[in-house]
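Chemist: Sharing entry-v4.cif here; it has mmCIF, C-alpha atoms.
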data_run
loop_
_atom_site.label_atom_id
_atom_site.label_comp_id
_atom_site.auth_asym_id
_atom_site.auth_seq_id
_atom_site.Cartn_x
_atom_site.Cartn_y
_atom_site.Cartn_z
CA MET A 1 55.55 11.56 15.95
CA GLN A 2 56.07 7.96 16.92
CA LEU A 3 59.78 8.32 16.42
CA ALA A 4 59.93 11.64 18.27
CA LYS A 5 58.23 10.08 21.27
CA GLN A 6 60.57 7.14 21.25
CA ALA A 7 63.53 9.44 20.96
CA ALA A 8 62.37 11.59 23.84
CA THR A 9 61.67 8.78 26.23
CA SER A 10 64.62 6.49 25.61
CA PRO A 11 67.75 8.60 25.30
CA GLY A 12 69.93 5.83 26.70
CA GLU A 13 69.15 3.27 24.01
CA SER A 14 71.48 2.75 21.11
CA ALA A 15 70.84 3.73 17.53
CA GLY A 16 70.20 1.45 14.62
CA SER A 17 66.72 0.35 15.55
CA ALA A 18 65.48 3.83 14.64
CA ALA A 19 65.57 2.66 11.05
CA ARG A 20 63.46 -0.40 11.78
CA VAL A 21 59.88 -0.03 10.69
CA THR A 22 57.08 -2.45 11.35
CA PRO A 23 55.00 -3.21 8.24
CA GLY A 24 52.23 -0.70 7.65
CA GLU A 25 53.87 1.96 9.79
CA ILE A 26 54.72 5.24 8.13
CA ARG A 27 58.19 6.44 9.02
CA VAL A 28 59.01 10.13 8.72
CA PRO A 29 62.72 10.90 8.35
CA GLY A 30 63.96 12.93 11.32
CA GLU A 31 60.83 13.84 13.25
CA SER A 32 57.46 14.96 11.99
CA GLY A 33 57.53 18.40 13.67
CA PHE A 34 60.75 19.27 11.87
CA TRP A 35 58.93 19.08 8.55
CA ILE A 36 57.02 22.25 9.51
CA LEU A 37 60.33 24.04 9.22
CA ILE A 38 61.21 22.38 5.89
CA LEU A 39 57.81 22.72 4.21
CA GLY A 40 57.37 26.19 5.69
CA ASP A 41 60.70 27.35 4.33
CA LEU A 42 59.96 25.80 0.94
CA THR A 43 56.61 27.65 0.92
CA ALA A 44 58.34 30.96 1.64
CA PHE A 45 60.81 30.32 -1.20
CA ALA A 46 57.98 29.25 -3.52
CA LEU A 47 56.30 32.58 -2.77
CA MET A 48 59.52 34.40 -3.66
CA PHE A 49 59.80 32.42 -6.91
CA CYS A 50 56.23 33.39 -7.81
CA VAL A 51 56.99 37.03 -7.08
CA PHE A 52 60.05 36.78 -9.34
CA ILE A 53 58.02 35.23 -12.19
CA TYR A 54 55.31 37.87 -11.74
CA TYR A 55 57.74 40.79 -11.97
CA ARG A 56 59.59 39.11 -14.82
CA GLY A 57 56.33 38.99 -16.76
CA HIS A 58 56.20 42.80 -16.80
CA ASP A 59 59.60 43.24 -18.46
CA VAL A 60 60.76 39.97 -19.98
CA GLY A 61 63.31 41.70 -22.25
CA LEU A 62 65.22 43.21 -19.34
CA TYR A 63 65.34 39.87 -17.55
CA LEU A 64 66.57 38.01 -20.64
CA ASP A 65 69.27 40.60 -21.35
CA SER A 66 70.42 40.69 -17.74
CA GLN A 67 70.47 36.90 -17.54
CA LEU A 68 73.08 36.81 -20.34
CA ARG A 69 75.43 38.73 -18.05
CA LEU A 70 75.41 35.87 -15.51
CA ASN A 71 78.11 33.23 -15.71
CA ARG A 72 76.31 29.92 -16.18
CA ALA A 73 79.48 27.96 -15.51
CA PHE A 74 79.49 29.19 -11.89
CA GLY A 75 75.83 28.28 -11.45
CA ALA A 76 76.21 24.83 -13.01
CA LEU A 77 79.38 24.09 -11.05
CA ASN A 78 77.46 24.89 -7.87
CA VAL A 79 74.66 22.51 -8.87
CA VAL A 80 77.24 19.74 -9.26
CA LEU A 81 78.92 20.62 -5.94
CA LEU A 82 75.67 20.58 -3.99
CA LEU A 83 74.27 17.43 -5.60
CA THR A 84 77.51 15.59 -4.83
CA SER A 85 77.50 17.01 -1.32
CA SER A 86 73.93 15.82 -0.80
CA TRP A 87 74.92 12.35 -1.95
CA CYS A 88 77.76 12.30 0.58
CA VAL A 89 75.36 13.36 3.33
CA VAL A 90 72.92 10.56 2.40
CA GLN A 91 75.77 8.07 2.71
CA GLY A 92 76.83 9.68 5.97
CA VAL A 93 73.37 9.47 7.54
CA GLU A 94 73.12 5.85 6.47
CA ALA A 95 76.50 5.06 8.09
CA PHE A 96 75.58 7.07 11.18
CA ARG A 97 72.42 5.06 11.58
CA GLU A 98 74.46 1.83 11.37
CA ARG A 99 77.05 3.34 13.73
CA ILE A 100 79.90 2.98 11.26
CA THR A 101 81.44 6.06 12.82
CA GLN A 102 84.52 6.51 10.68
CA ARG A 103 82.61 6.31 7.42
CA ALA A 104 79.91 8.67 8.72
CA ARG A 105 82.57 11.16 9.76
CA ARG A 106 84.30 11.00 6.39
CA CYS A 107 81.03 11.39 4.49
CA PHE A 108 79.92 14.40 6.54
CA GLY A 109 83.40 15.91 6.17
CA ALA A 110 83.25 15.51 2.38
CA GLY A 111 79.74 16.96 2.31
CA PHE A 112 80.97 19.94 4.32
CA LEU A 113 83.95 20.58 2.03
CA LEU A 114 81.79 20.43 -1.10
CA GLY A 115 79.35 22.85 0.57
CA ALA A 116 82.23 25.15 1.45
CA GLY A 117 83.25 24.92 -2.23
CA PHE A 118 79.84 26.34 -3.10
CA VAL A 119 80.57 29.36 -0.88
CA VAL A 120 83.94 29.90 -2.59
CA VAL A 121 82.36 29.76 -6.06
CA LYS A 122 79.61 32.14 -4.92
CA VAL A 123 82.15 34.63 -3.54
CA LEU A 124 84.11 34.48 -6.84
CA GLU A 125 80.88 35.06 -8.75
CA TYR A 126 79.80 38.01 -6.59
CA GLY A 127 83.34 39.42 -6.91
CA ASP A 128 83.13 39.19 -10.72
CA LYS A 129 79.78 40.94 -10.75
CA VAL A 130 80.93 43.72 -8.45
CA ARG A 131 84.05 44.28 -10.63
CA GLU A 132 81.77 44.59 -13.66
CA GLY A 133 79.88 47.26 -11.73
CA ILE A 134 76.72 45.17 -11.28
CA ALA A 135 74.97 45.71 -7.95
CA ALA A 136 71.51 44.98 -6.55
CA SER A 137 70.52 48.52 -7.56
CA THR A 138 71.53 47.96 -11.22
CA ASN A 139 68.09 46.73 -12.22
CA GLU A 140 65.20 44.59 -11.04
CA PHE A 141 66.71 41.34 -12.27
CA PHE A 142 69.91 41.87 -10.29
CA MET A 143 67.91 42.94 -7.24
CA PHE A 144 66.28 39.51 -7.33
CA PHE A 145 69.59 37.86 -8.15
CA TYR A 146 71.34 39.26 -5.10
CA VAL A 147 68.43 38.93 -2.69
CA LEU A 148 67.44 35.36 -3.66
CA THR A 149 70.98 33.99 -3.89
CA GLY A 150 71.86 35.88 -0.69
CA ILE A 151 68.99 34.35 1.29
CA HIS A 152 69.91 30.95 -0.12
CA LEU A 153 73.56 31.46 0.83
CA LEU A 154 72.45 32.27 4.39
CA HIS A 155 70.59 28.96 4.51
CA LEU A 156 73.63 27.17 3.15
CA VAL A 157 75.98 28.66 5.75
CA ILE A 158 73.59 27.53 8.51
CA GLY A 159 73.63 24.10 6.83
CA LEU A 160 77.43 24.02 6.98
CA GLY A 161 77.17 24.56 10.73
CA VAL A 162 74.73 21.67 10.93
CA LEU A 163 77.07 19.40 8.93
CA ALA A 164 80.00 20.31 11.19
CA TRP A 165 77.83 19.42 14.19
CA MET A 166 76.84 16.09 12.58
CA ARG A 167 80.48 15.29 11.89
CA ALA A 168 81.39 16.01 15.53
CA LYS A 169 78.44 13.94 16.72
CA SER A 170 79.44 10.94 14.59
CA ARG A 171 82.68 10.57 16.54
CA SER A 172 80.84 8.80 19.32
CA GLU A 173 79.79 5.17 18.93
CA TRP A 174 77.06 5.76 21.48
CA SER A 175 74.65 7.70 19.37
CA THR A 176 71.07 7.55 20.65
CA HIS A 177 67.75 7.42 18.82
CA ARG A 178 67.59 11.14 19.28
CA ASP A 179 70.99 11.69 17.69
CA VAL A 180 69.97 9.60 14.69
CA ALA A 181 66.71 11.53 14.36
CA LEU A 182 68.60 14.83 14.60
CA ALA A 183 71.15 13.68 12.00
CA GLU A 184 68.26 12.80 9.69
CA CYS A 185 66.81 16.27 10.27
CA GLY A 186 70.19 17.77 9.36
CA GLY A 187 70.31 15.64 6.21
CA VAL A 188 66.79 16.70 5.19
CA TYR A 189 67.72 20.34 5.73
CA TRP A 190 70.80 19.96 3.55
CA HIS A 191 68.76 18.37 0.75
CA MET A 192 66.38 21.31 0.96
CA VAL A 193 69.30 23.74 0.48
CA ASP A 194 70.33 21.63 -2.52
CA LEU A 195 66.81 21.52 -3.97
CA LEU A 196 66.42 25.28 -3.62
CA TRP A 197 69.66 25.89 -5.49
CA VAL A 198 68.56 23.66 -8.37
CA ALA A 199 65.32 25.69 -8.58
CA LEU A 200 67.19 29.00 -8.32
CA PHE A 201 69.68 27.94 -10.98
CA ALA A 202 66.83 27.15 -13.37
CA LEU A 203 64.98 30.40 -12.60
CA LEU A 204 67.88 32.83 -12.64
CA TYR A 205 70.37 31.31 -15.06
CA LEU A 206 68.37 29.19 -17.51
CA LEU A 207 64.77 30.35 -17.85
CA ARG A 208 64.32 31.79 -21.37
CA MET B 1 46.50 25.51 54.83
CA ALA B 2 45.68 23.14 52.02
CA SER B 3 42.71 25.25 50.95
CA LEU B 4 44.90 28.37 51.01
CA GLN B 5 47.38 26.65 48.74
CA SER B 6 44.72 25.51 46.30
CA ALA B 7 43.28 29.02 46.25
CA CYS B 8 46.73 30.34 45.22
CA VAL B 9 46.95 27.74 42.48
CA ALA B 10 43.53 28.69 41.16
CA THR B 11 44.49 32.37 41.12
CA SER B 12 47.73 31.63 39.35
CA ARG B 13 45.92 29.57 36.76
CA THR B 14 43.37 32.31 36.12
CA ASN B 15 46.06 34.98 35.85
CA GLN B 16 48.11 32.87 33.47
CA LEU B 17 45.07 32.30 31.27
CA LEU B 18 44.30 36.04 31.30
CA CYS B 19 47.86 36.78 30.22
CA ALA B 20 47.67 34.20 27.44
CA HIS B 21 44.35 35.58 26.14
CA SER B 22 45.78 39.09 26.11
CA GLY B 23 47.76 38.09 23.00
CA LEU B 24 44.50 38.29 21.08
CA VAL B 25 43.83 41.73 22.57
CA PHE B 26 47.25 42.85 21.30
CA ALA B 27 46.59 41.55 17.78
CA SER B 28 43.08 43.05 17.67
CA LEU B 29 44.09 46.49 18.92
CA LEU B 30 47.08 46.61 16.55
CA ALA B 31 44.93 45.72 13.55
CA LEU B 32 42.12 48.04 14.67
CA GLY B 33 44.44 51.00 15.23
CA VAL B 34 46.61 50.78 12.12
CA PHE B 35 44.40 49.18 9.50
CA GLY B 36 40.95 50.05 10.86
CA ILE B 37 40.96 53.51 12.43
CA ALA B 38 43.97 55.08 10.72
CA GLY B 39 42.77 53.38 7.53
CA TRP B 40 46.20 52.28 6.29
CA MET B 41 45.10 49.35 4.20
CA PRO B 42 46.67 49.55 1.66
CA LEU B 43 49.65 50.96 3.52
CA ILE B 44 51.17 54.35 2.70
CA PRO B 45 53.63 53.40 -0.10
CA PRO B 46 57.32 54.14 0.59
CA GLY B 47 57.60 55.78 -2.83
CA MET B 48 54.88 58.40 -2.13
CA SER B 49 55.97 62.03 -2.60
CA ALA B 50 56.50 64.23 0.47
CA ALA B 51 53.59 66.46 -0.54
CA ASP B 52 51.22 63.50 -0.76
CA VAL B 53 52.38 62.10 2.58
CA ALA B 54 51.83 65.51 4.21
CA MET B 55 48.39 65.66 2.60
CA GLU B 56 47.52 62.25 4.07
CA PHE B 57 48.45 63.43 7.57
CA GLN B 58 46.62 66.76 7.18
CA ALA B 59 43.44 65.20 5.84
CA ASN B 60 43.29 62.31 8.32
CA ARG B 61 44.85 63.80 11.42
CA TRP B 62 41.97 62.83 13.70
CA ARG B 63 41.79 59.27 12.50
CA ILE B 64 45.55 58.88 12.72
CA ARG B 65 45.72 60.31 16.24
CA LEU B 66 42.94 58.05 17.45
CA GLY B 67 44.28 54.97 15.67
CA MET B 68 47.79 55.50 17.01
CA SER B 69 46.50 55.96 20.54
CA VAL B 70 44.82 52.59 20.21
CA LEU B 71 48.04 51.02 18.86
CA ALA B 72 50.10 52.54 21.70
CA PHE B 73 47.69 51.22 24.30
CA GLY B 74 47.44 47.80 22.68
CA SER B 75 51.23 47.40 22.55
CA VAL B 76 51.46 46.72 26.29
CA PHE B 77 49.56 43.46 25.84
CA TRP B 78 52.61 42.00 24.14
CA TRP B 79 54.24 42.07 27.57
CA THR B 80 51.38 40.24 29.22
CA MET B 81 51.27 37.58 26.52
CA SER B 82 55.04 37.14 26.75
CA ALA B 83 54.67 36.71 30.52
CA ALA B 84 52.26 33.80 29.95
CA ILE B 85 54.80 32.20 27.59
CA ALA B 86 57.58 32.90 30.11
CA MET B 87 55.68 30.93 32.78
CA GLN B 88 55.59 27.90 30.49
CA MET B 89 59.27 28.31 29.56
CA LYS B 90 60.15 28.45 33.24
CA ARG B 91 58.17 25.27 33.74
CA ILE B 92 60.25 23.65 30.97
CA GLU B 93 63.63 24.96 32.12
CA GLY B 94 63.19 24.53 35.86
CA ALA B 95 65.10 26.41 38.53
CA SER B 96 67.77 27.67 36.13
CA HIS B 97 65.93 29.38 33.27
CA PRO B 98 68.13 31.58 31.06
CA LEU B 99 65.93 31.29 27.95
CA THR B 100 62.95 32.55 29.94
CA TYR B 101 64.91 35.72 30.65
CA VAL B 102 66.00 36.05 27.00
CA GLN B 103 62.37 35.75 25.91
CA MET B 104 61.04 38.20 28.47
CA ALA B 105 63.79 40.75 27.83
CA SER B 106 63.41 40.61 24.05
CA SER B 107 59.66 41.06 24.35
CA CYS B 108 60.47 44.62 25.48
CA GLY B 109 61.94 45.21 22.03
CA THR B 110 58.68 44.38 20.27
CA VAL B 111 56.65 46.51 22.68
CA LEU B 112 59.09 49.33 22.00
CA ILE B 113 58.62 48.97 18.24
CA ALA B 114 54.86 49.39 18.48
CA LEU B 115 55.12 52.24 20.99
CA LEU B 116 57.78 54.16 19.06
CA ALA B 117 56.01 53.80 15.72
CA ALA B 118 52.70 54.87 17.28
CA TYR B 119 54.26 58.00 18.77
CA PHE B 120 56.17 58.91 15.59
CA TRP B 121 52.86 58.81 13.69
CA LEU B 122 51.14 60.72 16.49
CA ILE B 123 53.75 63.46 16.31
CA ALA B 124 53.45 63.66 12.52
CA ALA B 125 49.67 64.10 12.86
CA TYR B 126 50.15 66.58 15.71
CA ARG B 127 52.39 68.84 13.55
CA ALA B 128 50.73 68.11 10.22
CA GLU B 129 51.29 71.75 9.07
CA THR B 130 55.06 71.54 9.30
CA SER B 131 57.08 71.11 6.08
CA PRO B 132 56.18 68.03 4.00
CA ALA B 133 59.80 66.83 4.21
CA ASN B 134 59.50 66.62 8.00
CA ILE B 135 56.22 64.73 7.81
CA GLN B 136 57.71 62.32 5.29
CA LEU B 137 60.71 61.71 7.54
CA LEU B 138 58.51 61.00 10.58
CA ASN B 139 56.37 58.71 8.46
CA ASP B 140 59.48 56.82 7.23
CA LEU B 141 60.74 56.63 10.80
CA ALA B 142 57.45 55.07 11.89
CA TRP B 143 57.04 52.54 9.06
CA ILE B 144 60.62 51.33 9.03
CA THR B 145 60.51 50.97 12.81
CA PHE B 146 57.14 49.26 12.72
CA ILE B 147 57.84 46.70 9.99
CA GLY B 148 61.62 46.53 9.67
CA PHE B 149 62.49 46.31 13.36
CA TYR B 150 62.75 42.54 13.43
CA PRO B 151 65.76 41.53 15.64
CA PRO B 152 63.93 41.47 19.02
CA ALA B 153 61.08 39.36 17.60
CA PHE B 154 63.65 37.11 15.94
CA ILE B 155 65.53 36.36 19.16
CA GLN B 156 62.28 36.01 21.12
CA ASN B 157 61.08 33.31 18.72
CA VAL B 158 64.43 31.53 18.66
CA ALA B 159 64.50 31.47 22.49
CA ILE B 160 60.98 30.02 22.65
CA GLY B 161 61.71 27.48 19.89
CA TRP B 162 64.97 26.35 21.43
CA CYS B 163 63.37 26.03 24.85
CA ILE B 164 60.53 23.87 23.52
CA LEU B 165 62.90 21.62 21.56
CA THR B 166 65.04 20.99 24.63
CA ASP B 167 62.08 20.12 26.87
CA ARG B 168 62.94 16.88 28.73
CA ASN B 169 59.99 16.81 31.15
CA GLU B 170 57.56 13.95 31.52
CA VAL B 171 54.61 16.16 30.52
CA GLN B 172 55.82 18.50 27.78
CA ALA B 173 54.43 22.01 27.92
CA TYR B 174 54.26 22.46 24.13
CA PRO B 175 54.30 19.90 21.31
CA ARG B 176 57.66 19.81 19.54
CA TRP B 177 56.29 21.10 16.23
CA VAL B 178 55.56 24.42 18.00
CA GLY B 179 59.31 24.68 18.65
CA TYR B 180 60.15 24.16 15.00
CA ALA B 181 57.36 26.54 13.94
CA ASN B 182 58.84 29.24 16.19
CA ILE B 183 62.23 28.91 14.54
CA TRP B 184 60.69 28.93 11.07
CA ILE B 185 58.71 32.11 11.85
CA ALA B 186 61.85 33.72 13.29
CA VAL B 187 63.46 33.17 9.87
CA LEU B 188 60.43 34.68 8.13
CA PHE B 189 61.01 37.94 10.03
CA VAL B 190 64.52 38.33 8.60
CA PRO B 191 63.42 39.91 5.24
CA GLY B 192 62.65 42.94 7.44
CA ALA B 193 66.38 43.59 7.10
CA LEU B 194 65.85 44.38 3.38
CA LEU B 195 63.32 47.15 4.00
CA PRO B 196 65.72 50.11 4.14
CA PHE B 197 67.10 49.25 0.69
CA PHE B 198 63.86 49.56 -1.31
CA HIS B 199 61.37 52.33 -2.06
CA GLY B 200 59.11 49.99 -4.02
CA GLY B 201 58.72 46.41 -5.19
CA PRO B 202 58.33 43.13 -3.28
CA PHE B 203 60.89 43.82 -0.54
CA ALA B 204 59.72 47.35 0.36
CA TRP B 205 57.63 47.96 3.50
CA ASN B 206 54.37 47.50 1.57
CA GLY B 207 55.63 44.64 -0.64
CA VAL B 208 54.58 41.01 -0.88
CA ILE B 209 57.66 39.82 1.01
CA GLY B 210 58.46 42.96 3.01
CA PHE B 211 54.96 43.33 4.44
CA TRP B 212 52.57 40.49 3.61
CA LEU B 213 54.81 37.55 4.36
CA VAL B 214 55.97 39.15 7.62
CA ALA B 215 52.44 40.18 8.64
CA VAL B 216 50.95 36.74 7.99
CA ALA B 217 53.82 35.15 9.93
CA PHE B 218 53.37 37.60 12.80
CA PHE B 219 49.61 37.25 13.21
CA GLY B 220 49.82 33.51 12.59
CA TRP B 221 52.45 33.28 15.33
CA ILE B 222 50.22 35.14 17.83
CA PHE B 223 47.29 32.86 17.06
CA MET B 224 49.41 29.69 17.34
CA MET B 225 51.08 30.76 20.60
CA TRP B 226 47.74 31.82 22.08
CA ARG B 227 46.17 28.42 21.36
CA MET B 228 49.20 26.44 22.46
CA THR B 229 49.88 28.45 25.62
CA VAL B 230 46.27 28.09 26.77
CA ARG B 231 46.62 24.35 26.12
CA ALA B 232 49.91 24.26 28.06
CA ILE B 233 48.37 26.04 31.07
CA ARG B 234 45.50 23.55 31.06
CA ASN B 235 47.86 20.55 31.07
CA ASP B 236 50.27 22.00 33.66
CA PRO B 237 50.42 19.41 36.50
CA SER B 238 51.48 22.05 39.05
CA LEU B 239 48.26 23.97 38.37
CA GLY B 240 46.13 20.95 39.17
#
What is this structure when it is put down as C-alpha cells?

Modeler:
Amino acid sequence: MQLAKQAATSPGESAGSAARVTPGEIRVPGESGFWILILGDLTAFALMFCVFIYYRGHDVGLYLDSQLRLNRAFGALNVVLLLTSSWCVVQGVEAFRERITQRARRCFGAGFLLGAGFVVVKVLEYGDKVREGIAASTNEFFMFFYVLTGIHLLHLVIGLGVLAWMRAKSRSEWSTHRDVALAECGGVYWHMVDLLWVALFALLYLLR
Amino acid sequence: MASLQSACVATSRTNQLLCAHSGLVFASLLALGVFGIAGWMPLIPPGMSAADVAMEFQANRWRIRLGMSVLAFGSVFWWTMSAAIAMQMKRIEGASHPLTYVQMASSCGTVLIALLAAYFWLIAAYRAETSPANIQLLNDLAWITFIGFYPPAFIQNVAIGWCILTDRNEVQAYPRWVGYANIWIAVLFVPGALLPFFHGGPFAWNGVIGFWLVAVAFFGWIFMMWRMTVRAIRNDPSLG
C-alpha cells in the first residue's frame, strides 16, 4: 500500500528508489491490491484442481489410461520454456528497476519469445490430439485436459501482451515509480502463469 | 442561493445512497425469487429428461410464476445500482467519461439477462401442458441465458476496474484493490462460456465451476461494490 501511494502521488520521480526498503518495512512486489488478482486467480485454479482430483477419484482407471495418450515430451518442454522465460523476466524486472534499459528490453524480449514458444508447442500438441481423433467430448479426462489447458493458455496469451507492453515501456529511461510497480505486477503475473503450468503438468501428465 | 445549493447536494447524496443500497435489493429479490419461491436449490439439472422437466413445471406452476415475477421485478435494481457506480466513475473520469458510458450501457445486458430468463420460465409455467420437449427447450433457454450470459457483466466489471485503476484524483473514489478485484471477478465469469458444451459435470449450469464459482463471484461482487460505493459517496468532497 505504501508503495502504491508513493507511486500515485509522485509520478514525476525517477525509478530505482522503489526498490529501497527501510529496515523493518515490508515491501510487496508490485502493489498490494494487485495480489487480490493473483491470489484470487490461484484460488480459482486450486478449486478447479480439486474438482479434477475429485472426479478422478471416481474413475481412476480411465484417467490413468487416458493420461498415457498424452505426449509428456510436449508438457515437459513447455515446463522448461516457461521456467526459462520466468527467469528472463526476473532479470528484466531487475534491470528495469535499475534503468538499464537495453538489458531490460532484451530480457523481456527473450521472455516473450520463450512464452510464444509455449504457444507453438501447445498448438502442435492440440493438432496431434485432434488428428488422433481425441476431443473434449472423448471422455472426462480429455474434457478436463482441454478446459484446464485452454484456460491456462488464455492466461498465457494475456501474459504475452503484458510482456510486450513491458518491453515497450523499458525503451524509456524515464520510468517512474509507477512504471516499476507495474512492471513488477507484470512479472508476478507471468510467474503465476508459470507456476500454474508446473501444477497442471504434474496433475495431467504425471500423476499416477 | 447557498442554501438552495446545499439542499441540492443533500438530495443528490441521498439519491446516490438509495441507488447504492438498491444493489442489495437486487441480490435479495433474485435469491428470493429463484432459490426461495421457485425452490430451485438445487437447480434443475441440465441432464434431466423432458418428461421430468415438464413435471416440475406442472407441479410447481404457481411457485414458479410467483418466483419469476419477483425476479423480473428485482432485475430493474441492477440499473439503479449501476447508476450509483456510474456517478462515482464520472467523478473519477471527469468531464470526459467514456468508461462511465461503457459501464452504464453494459448494465442493460445484465438486466436483460434476468428479465429474459424470468419471462422464459414464466412462459413455460404458463403453458405447462404443452409438449414436454417445448417445456424443456424453454427451460434450457432460461437457464443458459441466466447463467451463461456473461459478456455484459464481464465488460461492465472490466470498465469499472480499469476506471478505478486509472484514478488520478487527490481523493480516490475507490481503493485500488477494488479495481483489481473487479478485473479478477470479470475473469471468473468467463467459464459461463463453457455452459453450452456440457449436460452434466463441473462445467454445466449446475456444476461447481459453471454455477457455484460464478454465483459466489456474482453475489460477492454485489456485496463488495455496495460497501465500497456507499463508502465512496460518503467521502465524495463535492457532496460535502

Chemist: Return the neighbours of chain B among the residues of chain A, cut-off 12 Å, counting all atoms listed in the file, as a ChimeraX atom specification.

Modeler: /A:1,4-5,7-11,31-55,136-137,139-141,143-144,146-148,150-151,154-155,158,178,182,185

Chemist: Check which residues satisfy the PyMOL selection byres ((chain B and resi 127-143) around 8) in the file shown, then give them as a PyMOL selection string.

Modeler: chain B and resi 46+50-51+53-54+57-58+61+116-118+120-121+123-126+144-148+205

Chemist: Report as a PyMOL selection string the residues that result from applying the PyMOL selection byres ((chain A and resi 72) around 12) to the structure here.

Modeler: chain A and resi 67-71+73-79+121-122+125+201-207

Chemist: Grab the CA of Gln103 (chain B) to CA of Trp212 (chain B) distance for me, in Å with one decimal place.

Modeler: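 One can read the CA of Gln103 (chain B) to CA of Trp212 (chain B) distance as 24.8 Å.
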
Chemist: Given the choices A:Ser66, A:Ser86, A:Thr101, A:Ser172, which gets closest to Gly186 (chain A) if the distance is worked out from only C-alpha atoms?

Modeler: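 The shortest atom-to-atom distance to Gly186 (chain A) comes from A:Ser86.
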
Chemist: Would you kindly return, as a PyMOL selection string, each protein, DNA or RNA residue with an atom no farther than 10 Å from any atom of Lys169 (chain A), considering all atoms listed in the file and excluding same-chain residues fewer than 2 positions away?

Modeler: chain A and resi 96+101+104-105+163-167+171-175+179-180+183

Chemist: Given 8 Å of margin on each side, can you work out the centre and size in Å (one decimal) of an axis-aligned box holding every listed atom of region 226-240 of chain B, as AutoDock Vina command-line options?

Modeler:
--center_x 48.5 --center_y 25.6 --center_z 30.3 --size_x 22.0 --size_y 28.4 --size_z 33.8

Chemist: Name the residues in contact with region 70-82 of chain B at a cut-off of 6 Å, using all atoms listed in the file, excluding same-chain residues fewer than 2 positions from it; report them as a VMD selection string.

Modeler: chain B and resid 19 to 20 22 to 23 26 29 to 30 33 67 to 68 84 to 86 111 114 to 115 118

Chemist: Work out how far CA of Ala217 (chain B) is from CA of Ser107 (chain B), in Å to one decimal.

Modeler: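 According to the coordinates, CA of Ser107 (chain B) and CA of Ala217 (chain B) are separated by 16.6 Å.
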
Chemist: Can you work out the spacing between CA of Ile233 (chain B) and CA of Arg13 (chain B) in Å, to one decimal?

Modeler: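 These two atoms are separated by 7.1 Å.
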
Chemist: Using the chain letters and numbering of this document, enumerate as a ChimeraX atom specification the residues selected by the PyMOL selection byres ((chain A and resi 81) around 12).

Modeler: /A:74-80,82-88,110-122,193-194,197-198

Chemist: Taking into account all atoms listed in the file, which residue in the set B:Gln88, B:Thr110, B:Ser12, B:Ser49 is nearest to Phe218 (chain B)?

Modeler: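 Checking each of B:Gln88, B:Thr110, B:Ser12, B:Ser49 against Phe218 (chain B), counting all atoms listed in the file, the winner is B:Thr110.
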
Chemist: N, CA, C and O atoms are what I want for region 103-113 of chain A; can you complete it accordingly and write them as a CSV table (one decimal), in the coordinates of the input?

Modeler:
chain,number,residue,atom,x,y,z
A,103,ARG,N,83.2,6.0,8.7
A,103,ARG,CA,82.6,6.3,7.4
A,103,ARG,C,81.7,7.5,7.5
A,103,ARG,O,81.7,8.4,6.6
A,104,ALA,N,80.8,7.6,8.5
A,104,ALA,CA,79.9,8.7,8.7
A,104,ALA,C,80.7,10.0,8.8
A,104,ALA,O,80.3,11.0,8.1
A,105,ARG,N,81.8,10.0,9.6
A,105,ARG,CA,82.6,11.2,9.8
A,105,ARG,C,83.2,11.6,8.4
A,105,ARG,O,83.1,12.8,8.1
A,106,ARG,N,83.7,10.7,7.7
A,106,ARG,CA,84.3,11.0,6.4
A,106,ARG,C,83.3,11.6,5.4
A,106,ARG,O,83.5,12.6,4.7
A,107,CYS,N,82.1,10.9,5.4
A,107,CYS,CA,81.0,11.4,4.5
A,107,CYS,C,80.6,12.8,4.8
A,107,CYS,O,80.4,13.7,4.0
A,108,PHE,N,80.4,13.1,6.1
A,108,PHE,CA,79.9,14.4,6.5
A,108,PHE,C,81.0,15.4,6.2
A,108,PHE,O,80.7,16.5,5.8
A,109,GLY,N,82.3,15.0,6.5
A,109,GLY,CA,83.4,15.9,6.2
A,109,GLY,C,83.4,16.3,4.7
A,109,GLY,O,83.6,17.4,4.3
A,110,ALA,N,83.3,15.3,3.8
A,110,ALA,CA,83.2,15.5,2.4
A,110,ALA,C,82.1,16.4,2.0
A,110,ALA,O,82.2,17.3,1.2
A,111,GLY,N,80.9,16.1,2.6
A,111,GLY,CA,79.7,17.0,2.3
A,111,GLY,C,80.0,18.4,2.7
A,111,GLY,O,79.7,19.3,2.0
A,112,PHE,N,80.7,18.6,3.8
A,112,PHE,CA,81.0,19.9,4.3
A,112,PHE,C,81.9,20.6,3.3
A,112,PHE,O,81.7,21.8,3.0
A,113,LEU,N,83.0,19.9,2.9
A,113,LEU,CA,84.0,20.6,2.0
A,113,LEU,C,83.3,21.0,0.7
A,113,LEU,O,83.6,22.1,0.2
